[in-house]
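Okay, query_0.cif is below, mmCIF, C-alpha atoms:
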data_data
loop_
_atom_site.label_atom_id
_atom_site.label_comp_id
_atom_site.auth_asym_id
_atom_site.auth_seq_id
_atom_site.Cartn_x
_atom_site.Cartn_y
_atom_site.Cartn_z
CA MET N 233 134.90 99.23 102.81
CA THR N 234 133.07 102.29 104.11
CA LYS N 235 129.41 102.59 103.03
CA ARG N 236 128.26 105.53 100.94
CA PHE N 237 125.21 106.20 103.13
CA SER N 238 125.20 105.62 106.84
CA LEU N 239 123.50 106.58 110.04
CA SER N 240 125.68 105.38 112.86
CA SER N 241 126.27 105.66 116.57
CA GLN N 242 130.03 105.38 115.94
CA PRO N 243 132.35 108.41 115.54
CA LEU N 244 132.54 109.60 111.93
CA ASP N 245 135.80 108.95 110.05
CA GLU N 246 136.25 111.89 107.69
CA HIS N 247 139.17 110.34 105.87
CA ALA N 248 137.34 107.10 105.12
CA ILE N 249 134.24 108.95 103.92
CA THR N 250 136.23 111.17 101.56
CA ALA N 251 138.01 108.08 100.25
CA VAL N 252 134.67 106.48 99.33
CA VAL N 253 133.99 109.19 96.73
CA SER N 254 137.56 109.58 95.48
CA ARG N 255 138.29 107.87 92.23
CA HIS N 256 141.09 108.36 89.73
CA ASP N 257 138.68 110.02 87.31
CA ALA N 258 137.43 112.48 89.96
CA GLY N 259 139.53 115.65 90.06
CA GLY N 260 137.91 117.39 93.01
CA VAL N 261 136.23 116.44 96.25
CA VAL N 262 134.16 118.91 98.28
CA THR N 263 133.40 117.87 101.84
CA PHE N 264 131.10 119.42 104.42
CA VAL N 265 131.65 118.52 108.07
CA GLY N 266 129.07 119.73 110.60
CA ARG N 267 130.21 119.83 114.20
CA VAL N 268 128.37 120.38 117.46
CA ARG N 269 128.62 124.07 118.30
CA ASP N 270 129.03 125.35 121.83
CA ASN N 271 126.14 127.78 121.32
CA ALA N 272 122.87 128.11 119.44
CA ARG N 273 120.27 130.86 119.21
CA GLY N 274 122.04 132.82 121.93
CA HIS N 275 122.44 130.15 124.61
CA ASP N 276 125.23 127.75 125.59
CA VAL N 277 125.11 124.16 124.37
CA VAL N 278 126.75 121.38 126.38
CA ALA N 279 125.83 118.35 124.27
CA LEU N 280 123.40 117.12 121.62
CA GLU N 281 121.48 113.91 121.30
CA TYR N 282 120.49 112.78 117.83
CA GLU N 283 117.56 110.41 117.39
CA ALA N 284 116.72 108.96 113.98
CA TYR N 285 114.45 106.64 112.08
CA PRO N 286 117.48 104.73 110.85
CA GLU N 287 115.92 102.49 108.17
CA MET N 288 114.31 105.52 106.54
CA ALA N 289 117.28 107.85 107.03
CA GLU N 290 119.67 105.81 104.88
CA HIS N 291 116.95 105.46 102.24
CA VAL N 292 116.46 109.26 102.18
CA PHE N 293 120.24 109.80 101.96
CA GLU N 294 120.30 107.60 98.88
CA GLN N 295 117.35 109.46 97.30
CA ILE N 296 119.04 112.81 97.91
CA ALA N 297 122.31 111.53 96.41
CA ASP N 298 120.45 110.24 93.33
CA GLU N 299 118.81 113.64 92.89
CA ALA N 300 122.15 115.43 93.22
CA THR N 301 123.75 113.11 90.68
CA SER N 302 121.01 113.81 88.13
CA ARG N 303 121.01 117.59 88.73
CA PHE N 304 124.77 118.22 88.72
CA PRO N 305 127.65 116.74 86.68
CA ILE N 306 129.21 114.93 89.63
CA LYS N 307 130.65 111.46 90.15
CA HIS N 308 129.96 110.15 93.65
CA VAL N 309 128.20 111.21 96.86
CA ALA N 310 128.63 109.95 100.42
CA ILE N 311 126.45 110.97 103.37
CA HIS N 312 127.21 109.89 106.94
CA HIS N 313 125.28 111.07 109.99
CA ARG N 314 125.70 110.35 113.69
CA SER N 315 123.07 109.21 116.12
CA GLY N 316 123.27 109.21 119.91
CA ARG N 317 124.86 111.69 122.28
CA LEU N 318 127.58 114.02 120.98
CA VAL N 319 129.70 116.54 122.85
CA VAL N 320 130.77 119.97 121.62
CA GLY N 321 133.21 119.75 118.71
CA GLU N 322 132.25 116.25 117.56
CA PRO N 323 131.27 115.83 113.89
CA SER N 324 127.55 115.14 113.50
CA VAL N 325 127.36 114.93 109.70
CA ILE N 326 129.76 114.55 106.78
CA VAL N 327 128.82 114.97 103.12
CA ALA N 328 131.44 114.30 100.42
CA VAL N 329 130.96 114.88 96.69
CA SER N 330 133.44 114.17 93.91
CA ALA N 331 133.40 115.62 90.41
CA ALA N 332 135.69 116.18 87.47
CA HIS N 333 135.20 119.94 87.85
CA ARG N 334 134.97 121.71 91.15
CA GLY N 335 132.03 124.07 90.53
CA ALA N 336 129.57 121.19 90.31
CA ALA N 337 131.03 119.56 93.42
CA PHE N 338 130.49 122.75 95.47
CA GLU N 339 126.91 123.18 94.24
CA ALA N 340 125.99 119.54 94.76
CA CYS N 341 127.53 119.33 98.24
CA GLU N 342 125.53 122.36 99.38
CA TYR N 343 122.36 120.92 97.81
CA VAL N 344 122.86 117.63 99.62
CA ILE N 345 123.44 119.08 103.09
CA ASP N 346 120.45 121.43 102.65
CA GLN N 347 118.24 118.48 101.72
CA VAL N 348 119.55 116.31 104.55
CA LYS N 349 118.59 119.01 107.03
CA ALA N 350 115.15 119.44 105.47
CA ARG N 351 114.12 115.86 104.77
CA ALA N 352 116.14 113.27 106.67
CA PRO N 353 114.17 111.77 109.59
CA ILE N 354 116.62 112.88 112.27
CA TRP N 355 115.92 114.86 115.42
CA LYS N 356 118.17 116.70 117.78
CA LYS N 357 117.84 117.34 121.50
CA GLU N 358 119.89 120.22 122.76
CA PHE N 359 121.32 120.06 126.28
CA THR N 360 121.91 123.51 127.79
CA PRO N 361 122.79 124.55 131.34
CA ASP N 362 119.02 125.18 131.80
CA GLY N 363 117.68 121.86 130.52
CA ALA N 364 117.00 119.96 127.33
CA VAL N 365 114.81 120.76 124.33
CA TRP N 366 114.01 119.19 120.96
CA VAL N 367 115.26 121.58 118.29
CA ASP N 368 112.86 122.92 115.67
CA ASP N 369 115.01 124.65 113.06
CA ARG N 370 112.27 125.31 110.55
CA PRO N 371 111.31 128.95 110.02
CA MET R 279 150.71 122.07 115.08
CA THR R 280 149.87 122.17 111.37
CA LYS R 281 150.39 125.54 109.67
CA ARG R 282 147.45 127.40 108.14
CA PHE R 283 149.32 128.14 104.89
CA SER R 284 151.82 125.79 103.39
CA LEU R 285 153.55 124.82 100.19
CA SER R 286 155.23 121.51 100.81
CA SER R 287 156.89 118.58 99.09
CA GLN R 288 155.37 116.25 101.71
CA PRO R 289 152.04 114.39 101.21
CA LEU R 290 149.06 116.47 102.34
CA ASP R 291 147.29 115.37 105.52
CA GLU R 292 143.62 116.18 105.03
CA HIS R 293 142.66 115.42 108.61
CA ALA R 294 145.32 117.69 110.09
CA ILE R 295 144.40 120.54 107.73
CA THR R 296 140.71 120.32 108.58
CA ALA R 297 141.62 120.26 112.26
CA VAL R 298 143.52 123.56 111.90
CA VAL R 299 140.30 125.43 111.06
CA SER R 300 138.00 123.54 113.43
CA ARG R 301 137.16 125.37 116.60
CA HIS R 302 134.37 124.85 119.09
CA ASP R 303 132.64 127.98 117.84
CA ALA R 304 132.79 126.88 114.18
CA GLY R 305 129.72 124.84 113.26
CA GLY R 306 130.68 123.87 109.73
CA VAL R 307 133.84 123.12 107.79
CA VAL R 308 133.89 123.00 103.99
CA THR R 309 136.93 121.35 102.44
CA PHE R 310 138.07 121.17 98.85
CA VAL R 311 140.59 118.48 97.90
CA GLY R 312 142.07 118.57 94.41
CA ARG R 313 143.61 115.34 93.17
CA VAL R 314 145.71 114.50 90.15
CA ARG R 315 143.34 113.27 87.43
CA ASP R 316 144.22 110.46 85.05
CA ASN R 317 143.19 112.60 82.08
CA ALA R 318 143.09 116.25 80.97
CA ARG R 319 141.88 117.94 77.80
CA GLY R 320 141.31 114.58 76.12
CA HIS R 321 144.64 112.88 76.78
CA ASP R 322 145.94 110.51 79.45
CA VAL R 323 147.97 111.87 82.36
CA VAL R 324 150.57 109.71 84.11
CA ALA R 325 151.96 112.18 86.64
CA LEU R 326 152.27 115.88 87.40
CA GLU R 327 155.17 117.94 88.60
CA TYR R 328 154.44 121.12 90.53
CA GLU R 329 157.00 123.89 90.67
CA ALA R 330 156.47 126.95 92.84
CA TYR R 331 157.93 130.20 94.05
CA PRO R 332 157.57 129.01 97.63
CA GLU R 333 158.30 132.22 99.57
CA MET R 334 155.72 134.07 97.49
CA ALA R 335 153.16 131.24 97.37
CA GLU R 336 152.62 131.14 101.13
CA HIS R 337 152.39 134.95 101.16
CA VAL R 338 149.71 134.84 98.41
CA PHE R 339 147.80 132.12 100.29
CA GLU R 340 147.68 134.39 103.32
CA GLN R 341 146.50 137.37 101.24
CA ILE R 342 143.72 135.26 99.67
CA ALA R 343 142.63 134.00 103.10
CA ASP R 344 142.54 137.56 104.45
CA GLU R 345 140.38 138.63 101.52
CA ALA R 346 138.01 135.70 102.05
CA THR R 347 137.72 136.50 105.75
CA SER R 348 136.76 140.10 105.03
CA ARG R 349 134.29 139.22 102.24
CA PHE R 350 132.45 136.34 103.94
CA PRO R 351 131.35 135.73 107.56
CA ILE R 352 133.77 132.87 108.15
CA LYS R 353 136.12 131.94 110.99
CA HIS R 354 139.31 130.31 109.70
CA VAL R 355 140.97 129.38 106.40
CA ALA R 356 143.76 126.88 105.68
CA ILE R 357 145.47 126.44 102.31
CA HIS R 358 147.99 123.67 101.65
CA HIS R 359 149.54 122.94 98.26
CA ARG R 360 151.98 120.29 97.13
CA SER R 361 155.18 120.79 95.18
CA GLY R 362 157.23 118.15 93.40
CA ARG R 363 156.14 115.10 91.47
CA LEU R 364 152.68 113.61 92.10
CA VAL R 365 151.10 110.47 90.72
CA VAL R 366 147.47 110.03 89.67
CA GLY R 367 145.10 110.16 92.64
CA GLU R 368 147.39 112.11 94.98
CA PRO R 369 145.99 115.30 96.57
CA SER R 370 147.66 118.41 95.12
CA VAL R 371 145.74 121.07 97.04
CA ILE R 372 143.51 121.26 100.10
CA VAL R 373 141.48 124.31 101.14
CA ALA R 374 139.50 124.21 104.40
CA VAL R 375 137.15 126.95 105.62
CA SER R 376 135.22 127.03 108.88
CA ALA R 377 132.18 129.16 109.66
CA ALA R 378 129.27 129.31 112.05
CA HIS R 379 126.90 128.93 109.10
CA ARG R 380 127.52 126.69 106.15
CA GLY R 381 126.48 128.97 103.26
CA ALA R 382 129.39 131.33 103.88
CA ALA R 383 131.82 128.42 104.22
CA PHE R 384 130.81 127.05 100.80
CA GLU R 385 131.10 130.45 99.11
CA ALA R 386 134.42 131.28 100.73
CA CYS R 387 135.98 127.88 99.99
CA GLU R 388 135.10 128.21 96.30
CA TYR R 389 136.44 131.79 96.25
CA VAL R 390 139.72 130.67 97.80
CA ILE R 391 140.39 127.77 95.42
CA ASP R 392 139.49 129.96 92.41
CA GLN R 393 141.96 132.61 93.58
CA VAL R 394 144.70 130.06 94.33
CA LYS R 395 144.43 128.78 90.78
CA ALA R 396 144.49 132.30 89.33
CA ARG R 397 147.12 134.00 91.48
CA ALA R 398 149.37 131.60 93.35
CA PRO R 399 152.85 131.34 91.79
CA ILE R 400 152.63 127.62 91.08
CA TRP R 401 153.22 125.80 87.79
CA LYS R 402 152.33 122.32 86.67
CA LYS R 403 154.08 120.07 84.19
CA GLU R 404 151.89 117.32 82.82
CA PHE R 405 153.47 113.96 81.96
CA THR R 406 151.55 112.09 79.28
CA PRO R 407 152.45 108.97 77.28
CA ASP R 408 153.62 111.38 74.53
CA GLY R 409 155.86 113.66 76.59
CA ALA R 410 155.72 116.51 79.09
CA VAL R 411 154.26 120.00 78.81
CA TRP R 412 153.82 123.01 81.10
CA VAL R 413 150.08 123.51 81.58
CA ASP R 414 148.50 126.83 80.65
CA ASP R 415 144.95 126.73 81.98
CA ARG R 416 144.07 130.32 81.28
CA PRO R 417 141.43 130.91 78.61
CA MET T 1 171.22 149.27 89.54
CA ARG T 2 171.17 145.55 90.19
CA VAL T 3 168.07 143.38 90.58
CA THR T 4 167.72 139.67 91.22
CA VAL T 5 165.56 137.96 88.61
CA ARG T 6 163.80 134.66 89.32
CA PHE T 7 162.80 132.28 86.50
CA PHE T 8 160.26 129.46 86.87
CA ALA T 9 158.88 126.56 84.87
CA SER T 10 159.04 127.26 81.10
CA HIS T 11 161.17 130.39 81.71
CA ARG T 12 163.63 128.42 83.81
CA GLU T 13 163.93 125.86 81.04
CA ALA T 14 164.24 128.57 78.36
CA THR T 15 167.06 130.36 80.18
CA GLY T 16 168.62 127.38 81.90
CA LEU T 17 168.67 129.47 85.09
CA SER T 18 166.60 129.83 88.26
CA THR T 19 168.20 133.07 89.37
CA TYR T 20 170.00 135.83 87.48
CA ILE T 21 171.55 139.11 88.60
CA ALA T 22 170.66 141.82 86.07
CA ASP T 23 172.38 145.19 85.69
CA VAL T 24 169.74 147.58 84.42
CA PRO T 25 169.32 151.38 84.18
CA ASP T 26 168.05 153.04 87.37
CA GLY T 27 164.23 153.20 87.49
CA SER T 28 163.68 150.49 84.86
CA SER T 29 160.18 149.03 84.93
CA ALA T 30 159.45 145.30 85.20
CA ALA T 31 158.56 145.24 81.49
CA GLU T 32 161.78 147.04 80.57
CA VAL T 33 163.87 144.53 82.51
CA LEU T 34 162.10 141.71 80.65
CA GLY T 35 162.94 143.43 77.35
CA SER T 36 166.61 143.56 78.31
CA LEU T 37 166.53 139.88 79.43
CA CYS T 38 165.10 138.81 76.08
CA GLY T 39 168.25 140.28 74.52
CA SER T 40 170.45 138.12 76.75
CA PHE T 41 168.22 135.02 76.51
CA PRO T 42 166.65 134.81 73.02
CA LYS T 43 164.51 131.77 73.89
CA LEU T 44 162.84 133.80 76.63
CA LYS T 45 161.11 135.98 74.03
CA SER T 46 158.64 133.35 72.79
CA ALA T 47 158.33 131.79 76.26
CA SER T 48 157.24 135.09 77.81
CA VAL T 49 154.40 136.16 75.52
CA ARG T 50 152.04 135.78 78.47
CA VAL T 51 153.88 136.75 81.59
CA ALA T 52 153.02 138.33 84.92
CA PHE T 53 155.41 140.08 87.29
CA ALA T 54 156.09 140.08 91.01
CA ILE T 55 158.44 142.42 92.84
CA ASN T 56 159.58 141.31 96.28
CA ARG T 57 156.85 138.61 96.29
CA ASN T 58 153.93 140.87 95.43
CA HIS T 59 152.08 140.88 92.14
CA VAL T 60 152.71 144.16 90.27
CA ASN T 61 151.74 145.56 86.89
CA PRO T 62 154.40 145.65 84.13
CA ALA T 63 154.96 149.42 84.38
CA THR T 64 156.05 149.27 88.01
CA PRO T 65 159.60 150.69 88.45
CA LEU T 66 162.22 148.65 90.28
CA ARG T 67 164.68 149.79 92.90
CA ASP T 68 168.22 148.64 93.46
CA GLY T 69 168.27 145.27 95.23
CA ASP T 70 164.71 144.31 94.36
CA GLU T 71 163.75 140.74 93.53
CA LEU T 72 161.85 140.57 90.24
CA ALA T 73 160.01 137.33 89.44
CA LEU T 74 158.78 136.51 85.95
CA LEU T 75 155.62 134.43 86.28
CA PRO T 76 154.52 132.25 83.36
CA PRO T 77 150.79 131.37 83.27
CA MET T 78 150.04 129.98 86.72
CA ALA T 79 148.41 126.57 87.07
CA GLY T 80 148.09 125.72 90.74
CA GLY T 81 145.35 123.50 92.09
CA MET L 159 92.92 97.20 109.26
CA ARG L 160 96.08 97.32 111.35
CA VAL L 161 99.00 99.64 110.84
CA THR L 162 102.24 99.98 112.76
CA VAL L 163 102.84 103.55 113.98
CA ARG L 164 106.33 104.84 114.80
CA PHE L 165 106.87 107.72 117.21
CA PHE L 166 110.11 109.72 117.45
CA ALA L 167 111.64 112.47 119.57
CA SER L 168 108.94 114.74 121.11
CA HIS L 169 106.19 112.34 119.95
CA ARG L 170 107.93 109.40 121.57
CA GLU L 171 108.16 111.36 124.80
CA ALA L 172 104.51 112.52 124.55
CA THR L 173 103.20 108.98 124.06
CA GLY L 174 105.81 107.09 126.02
CA LEU L 175 106.04 104.67 123.08
CA SER L 176 108.32 104.08 120.09
CA THR L 177 105.95 101.74 118.28
CA TYR L 178 102.17 101.27 118.46
CA ILE L 179 99.81 98.95 116.60
CA ALA L 180 96.70 100.90 115.60
CA ASP L 181 93.35 99.44 114.52
CA VAL L 182 91.83 101.94 112.10
CA PRO L 183 89.05 101.88 109.48
CA ASP L 184 90.08 100.51 106.07
CA GLY L 185 91.41 103.22 103.76
CA SER L 186 92.16 105.73 106.54
CA SER L 187 94.56 108.47 105.52
CA ALA L 188 97.74 109.34 107.43
CA ALA L 189 96.01 112.46 108.82
CA GLU L 190 92.98 110.41 109.92
CA VAL L 191 95.18 107.94 111.78
CA LEU L 192 96.86 110.86 113.56
CA GLY L 193 93.41 112.17 114.55
CA SER L 194 92.54 108.81 116.06
CA LEU L 195 95.91 108.61 117.86
CA CYS L 196 95.33 112.01 119.44
CA GLY L 197 92.22 110.50 121.04
CA SER L 198 94.29 107.67 122.57
CA PHE L 199 97.27 109.93 123.47
CA PRO L 200 96.02 113.39 124.50
CA LYS L 201 99.58 114.80 124.85
CA LEU L 202 100.21 113.99 121.19
CA LYS L 203 97.76 116.69 120.08
CA SER L 204 99.89 119.68 121.07
CA ALA L 205 103.12 117.85 120.16
CA SER L 206 101.94 117.22 116.61
CA VAL L 207 100.90 120.69 115.45
CA ARG L 208 103.71 120.53 112.89
CA VAL L 209 104.07 116.98 111.72
CA ALA L 210 105.08 115.22 108.52
CA PHE L 211 104.24 111.65 107.54
CA ALA L 212 106.08 108.71 106.06
CA ILE L 213 104.52 105.45 104.91
CA ASN L 214 106.87 102.50 104.58
CA ARG L 215 109.88 104.86 104.80
CA ASN L 216 108.78 107.30 102.11
CA HIS L 217 107.60 110.84 102.72
CA VAL L 218 103.87 111.15 101.84
CA ASN L 219 101.30 113.91 102.08
CA PRO L 220 98.72 113.76 104.89
CA ALA L 221 95.86 112.67 102.62
CA THR L 222 97.62 109.47 101.50
CA PRO L 223 95.51 106.38 102.34
CA LEU L 224 97.11 103.50 104.23
CA ARG L 225 96.83 99.80 103.55
CA ASP L 226 96.70 96.94 106.04
CA GLY L 227 100.20 96.20 107.39
CA ASP L 228 101.71 99.57 106.44
CA GLU L 229 104.23 101.30 108.68
CA LEU L 230 103.18 104.90 109.36
CA ALA L 231 105.82 107.21 110.85
CA LEU L 232 104.89 110.52 112.45
CA LEU L 233 107.79 112.93 111.88
CA PRO L 234 108.16 115.94 114.17
CA PRO L 235 110.10 118.89 112.67
CA MET L 236 113.36 117.36 111.44
CA ALA L 237 116.68 118.78 112.59
CA GLY L 238 119.50 116.72 111.12
CA GLY L 239 122.90 118.15 110.36
#

In C-alpha cells, what does this structure look like?
Amino acid sequence: MTKRFSLSSQPLDEHAITAVVSRHDAGGVVTFVGRVRDNARGHDVVALEYEAYPEMAEHVFEQIADEATSRFPIKHVAIHHRSGRLVVGEPSVIVAVSAAHRGAAFEACEYVIDQVKARAPIWKKEFTPDGAVWVDDRP
Amino acid sequence: MTKRFSLSSQPLDEHAITAVVSRHDAGGVVTFVGRVRDNARGHDVVALEYEAYPEMAEHVFEQIADEATSRFPIKHVAIHHRSGRLVVGEPSVIVAVSAAHRGAAFEACEYVIDQVKARAPIWKKEFTPDGAVWVDDRP
Amino acid sequence: MRVTVRFFASHREATGLSTYIADVPDGSSAAEVLGSLCGSFPKLKSASVRVAFAINRNHVNPATPLRDGDELALLPPMAGG
Amino acid sequence: MRVTVRFFASHREATGLSTYIADVPDGSSAAEVLGSLCGSFPKLKSASVRVAFAINRNHVNPATPLRDGDELALLPPMAGG
C-alpha cells in the first residue's frame, strides 16, 4: 500500500499515488505533477539535486493536507516528493486530491502545492553547464 | 503513440495520457480524472452507460483545447473520454494540461473539463437499483 | 432537399432510430426540421423540449439554414464527464 | 543546556556539518543559538541572511526559546516542488 505522504529517493509512481486518494465515493481526482525543466530563469538546467529534512518534511506534508481538508470539501490528499539527483523530465513532486465535486479538488490541489513549495523543508541544487547553485525561489 | 483527443470504448490509461502532454520544456502537468461515483443526487448508482456522437466529440475536444491554449499560457492539452458501460470507480474522463508554470495549468485544466461537460456531445445513462435514466445535469 | 438526421440517447430511444434521412423544403432551418420530425415521431416532441443542434459536427443555433446533404444532429442535454 | 543543530543545503556546505551539538545558555532562543553558531562557523553568517527555524520538526519564529535536548533546524530558503 502506497503511503499518503512520502519523501523518497525512489522514482515517483503517479498511478499508485492517484490510487491512494481514489475511493468509490470520490468523483474527481486532480493531480499535479512537477517535472525537472530543462531551463530556469534563462539558463539551461542539466539536473537537479533535492536535499530534505526527511522526518520534518513528511510531518509538514501531513499538516498541509490537514489544512486543505479543513478548508475545502475534499476527501483525500496524497503528497509525494523526491530527494536525490534527478535528470530533466523526471517527476520531482506529485500532489493528488480527491473530492466529490471537482471545483474543490482543483482549489485544494493548488493550495497544497503552493504550501509545499513555501513550507516543506526541501532544497534544490541546480546543475547548469556553468556550475551548481542552491535555488532561492522566494521573491 | 497515444492520441491527444480520444473518445474510446477502451479503459483509459492515465499514465499514457499524462505522458502525451509531458515535454522537457513543460514544468508542470495538472490532470483531472473523473470516476463513476457510487451515488448521485441522493440515490445509489450501480453503473453508467456513456453514449456519444464520436466524430463530433473528438472535434469538440480539439476546439476546446485550442481555446484553452489561446486563453492560458500552457503547452499541451489531452482529453480522453470513455464510451460504453462503466462500473463504479472506473475513470470516465481524463484531462491533462502541461505548462511551464503551474497556475495556468490549473486554470486551463478546470476550463477544459467545464467545457467538455457543457459542450461535448456525450450522454450518460445512470443505472440505479430502481431503473435507468438519461442524466440531465444542466440547471 | 435531403438531410441526414442523427438521434442520440433519449431521442434515439424515442424514435427507435440512430439515423434518419429527412426530405425537407429547401433552406429549412434546424428548428424547422425538428418541427417536421416531431410530426413523424410524436414521442420526439416531449423528448426534445431542451435540445441543441449541430450541423456537420459543429454546434449551431436553431435558426441556421441547412443545405442539401448536410448532417443534422439533435443533441439532448449533454452530460459528459 | 545542549541542543542538537541540523544544517542543510548551503548551511551544510558552509559549516561542513549535517549535525552539531551546541552548548548554549539555558533558555536561549533560536535566533540566539544562530548568533552563537556564527561565531563558531564564520561562513554561516553570510549563508544565513535569510533563514527560518524549526524546533523538533515544527516551524517556529526566531524568538522561540529552546529547551535542553531540543533539535533546532536552520532552514535556508526552501525550494521544494

For Val319 in chain N, please output as a VMD selection string all residues within 9 Å (counting all atoms listed in the file; exclusion window: fewer than 5 positions along the same chain). chain N and resid 268 to 270 278 to 281

Do you know which residues the PyMOL selection byres ((chain T and resi 47) around 9) returns on this file, as a list of chain:residue names?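 This file gives the following for the PyMOL selection byres ((chain T and resi 47) around 9): T:Ser10, T:His11, T:Ala14, T:Lys43, T:Leu44, T:Lys45, T:Ser46, T:Ser48, T:Val49, T:Arg50, T:Val51, T:Pro76.
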
In Å to one decimal, how far is CA of Tyr328 in chain R from CA of Val366 in chain R?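 Atom-to-atom, CA of Val366 in chain R and CA of Tyr328 in chain R are spaced 13.1 Å apart.
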
Care to translate the PyMOL selection byres ((chain N) within 8 of (chain L)) into actual residues of this file, as a list in words?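 Expected selection for the PyMOL selection byres ((chain N) within 8 of (chain L)) here is Gly266, Tyr282, Glu283, Ala284, Tyr285, Glu287, Met288, His291, Val292, His313, Ser324, Val325, Ile345, Val348, Lys349, Ala350, Arg351, Ala352, Pro353, Ile354, Trp355, Lys356, Trp366, Val367, Asp368, Asp369 and Arg370 of chain N.
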
Figure out the distance between CA of Pro323 in chain N and CA of Arg313 in chain R, please, to one decimal in Å. 24.1 Å

Report as a PyMOL selection string the set of chain R residues whose atoms approach chain N to within 12 Å, with distances computed over only C-alpha atoms. chain R and resi 291-297+299-319+322-325+365-389+391-392+395

Name the residues that the PyMOL selection byres ((chain T and resi 65) around 8) pulls out of this structure, and write them as a compact mmCIF listing (two decimals) with C-alpha atoms, in the frame of the given file.
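Ended up saving to part.txt:
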# COMPACT_ATOMS: atom_id res chain seq x y z
CA GLY T 27 164.23 153.20 87.49
CA SER T 28 163.68 150.49 84.86
CA SER T 29 160.18 149.03 84.93
CA ALA T 30 159.45 145.30 85.20
CA ALA T 63 154.96 149.42 84.38
CA THR T 64 156.05 149.27 88.01
CA LEU T 66 162.22 148.65 90.28
CA ARG T 67 164.68 149.79 92.90

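We find CA of Ser287 in chain R and CA of Ala343 in chain R to be spaced 21.4 Å apart.
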
Padding 8 Å on each side, edges along x, y and z: where is the centre of the box around the listed atoms of range 246-258 of chain N, and how long are its edges in Å to one decimal? Output it as AutoDock Vina command-line options.
--center_x 137.5 --center_y 109.5 --center_z 97.5 --size_x 23.1 --size_y 22.0 --size_z 36.4

As a list in words, please: the residues near Asp226 in chain L (cut-off 9 Å, all atoms listed in the file, same-chain neighbours under 6 positions excluded).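 Listing them by chain and then by number gives Met159, Arg160, Val161, Asp184 and Gly185 of chain L.
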
Incomplete range 284-295 of chain R brought to N, CA, C and O atoms, written out as a JSON list (two decimals), in the frame of the given file:
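Result went into rebuild-v1.json, see below:
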[["chain", "number", "residue", "atom", "x", "y", "z"],
["R", 284, "SER", "N", 150.61, 126.57, 103.62],
["R", 284, "SER", "CA", 151.82, 125.79, 103.39],
["R", 284, "SER", "C", 151.95, 125.35, 101.95],
["R", 284, "SER", "O", 150.98, 125.00, 101.28],
["R", 285, "LEU", "N", 153.19, 125.42, 101.46],
["R", 285, "LEU", "CA", 153.55, 124.82, 100.19],
["R", 285, "LEU", "C", 154.62, 123.79, 100.54],
["R", 285, "LEU", "O", 155.66, 124.16, 101.10],
["R", 286, "SER", "N", 154.36, 122.54, 100.25],
["R", 286, "SER", "CA", 155.23, 121.51, 100.81],
["R", 286, "SER", "C", 155.43, 120.35, 99.84],
["R", 286, "SER", "O", 154.54, 120.00, 99.07],
["R", 287, "SER", "N", 156.60, 119.76, 99.91],
["R", 287, "SER", "CA", 156.89, 118.58, 99.09],
["R", 287, "SER", "C", 156.41, 117.30, 99.77],
["R", 287, "SER", "O", 156.54, 116.21, 99.22],
["R", 288, "GLN", "N", 155.87, 117.42, 100.98],
["R", 288, "GLN", "CA", 155.37, 116.25, 101.71],
["R", 288, "GLN", "C", 153.90, 115.99, 101.38],
["R", 288, "GLN", "O", 153.16, 116.92, 101.09],
["R", 289, "PRO", "N", 153.46, 114.71, 101.44],
["R", 289, "PRO", "CA", 152.04, 114.39, 101.21],
["R", 289, "PRO", "C", 151.13, 115.22, 102.12],
["R", 289, "PRO", "O", 151.46, 115.49, 103.28],
["R", 290, "LEU", "N", 149.99, 115.64, 101.58],
["R", 290, "LEU", "CA", 149.06, 116.47, 102.34],
["R", 290, "LEU", "C", 148.24, 115.61, 103.29],
["R", 290, "LEU", "O", 147.79, 114.52, 102.93],
["R", 291, "ASP", "N", 148.04, 116.09, 104.50],
["R", 291, "ASP", "CA", 147.29, 115.37, 105.52],
["R", 291, "ASP", "C", 145.95, 116.07, 105.73],
["R", 291, "ASP", "O", 145.83, 117.04, 106.46],
["R", 292, "GLU", "N", 144.92, 115.53, 105.03],
["R", 292, "GLU", "CA", 143.62, 116.18, 105.03],
["R", 292, "GLU", "C", 143.07, 116.37, 106.44],
["R", 292, "GLU", "O", 142.53, 117.43, 106.77],
["R", 293, "HIS", "N", 143.23, 115.36, 107.26],
["R", 293, "HIS", "CA", 142.66, 115.42, 108.61],
["R", 293, "HIS", "C", 143.30, 116.54, 109.42],
["R", 293, "HIS", "O", 142.62, 117.33, 110.08],
["R", 294, "ALA", "N", 144.62, 116.66, 109.32],
["R", 294, "ALA", "CA", 145.32, 117.69, 110.09],
["R", 294, "ALA", "C", 144.94, 119.09, 109.61],
["R", 294, "ALA", "O", 144.81, 120.03, 110.40],
["R", 295, "ILE", "N", 144.73, 119.23, 108.29],
["R", 295, "ILE", "CA", 144.40, 120.54, 107.73],
["R", 295, "ILE", "C", 142.99, 120.96, 108.15],
["R", 295, "ILE", "O", 142.74, 122.12, 108.49]]
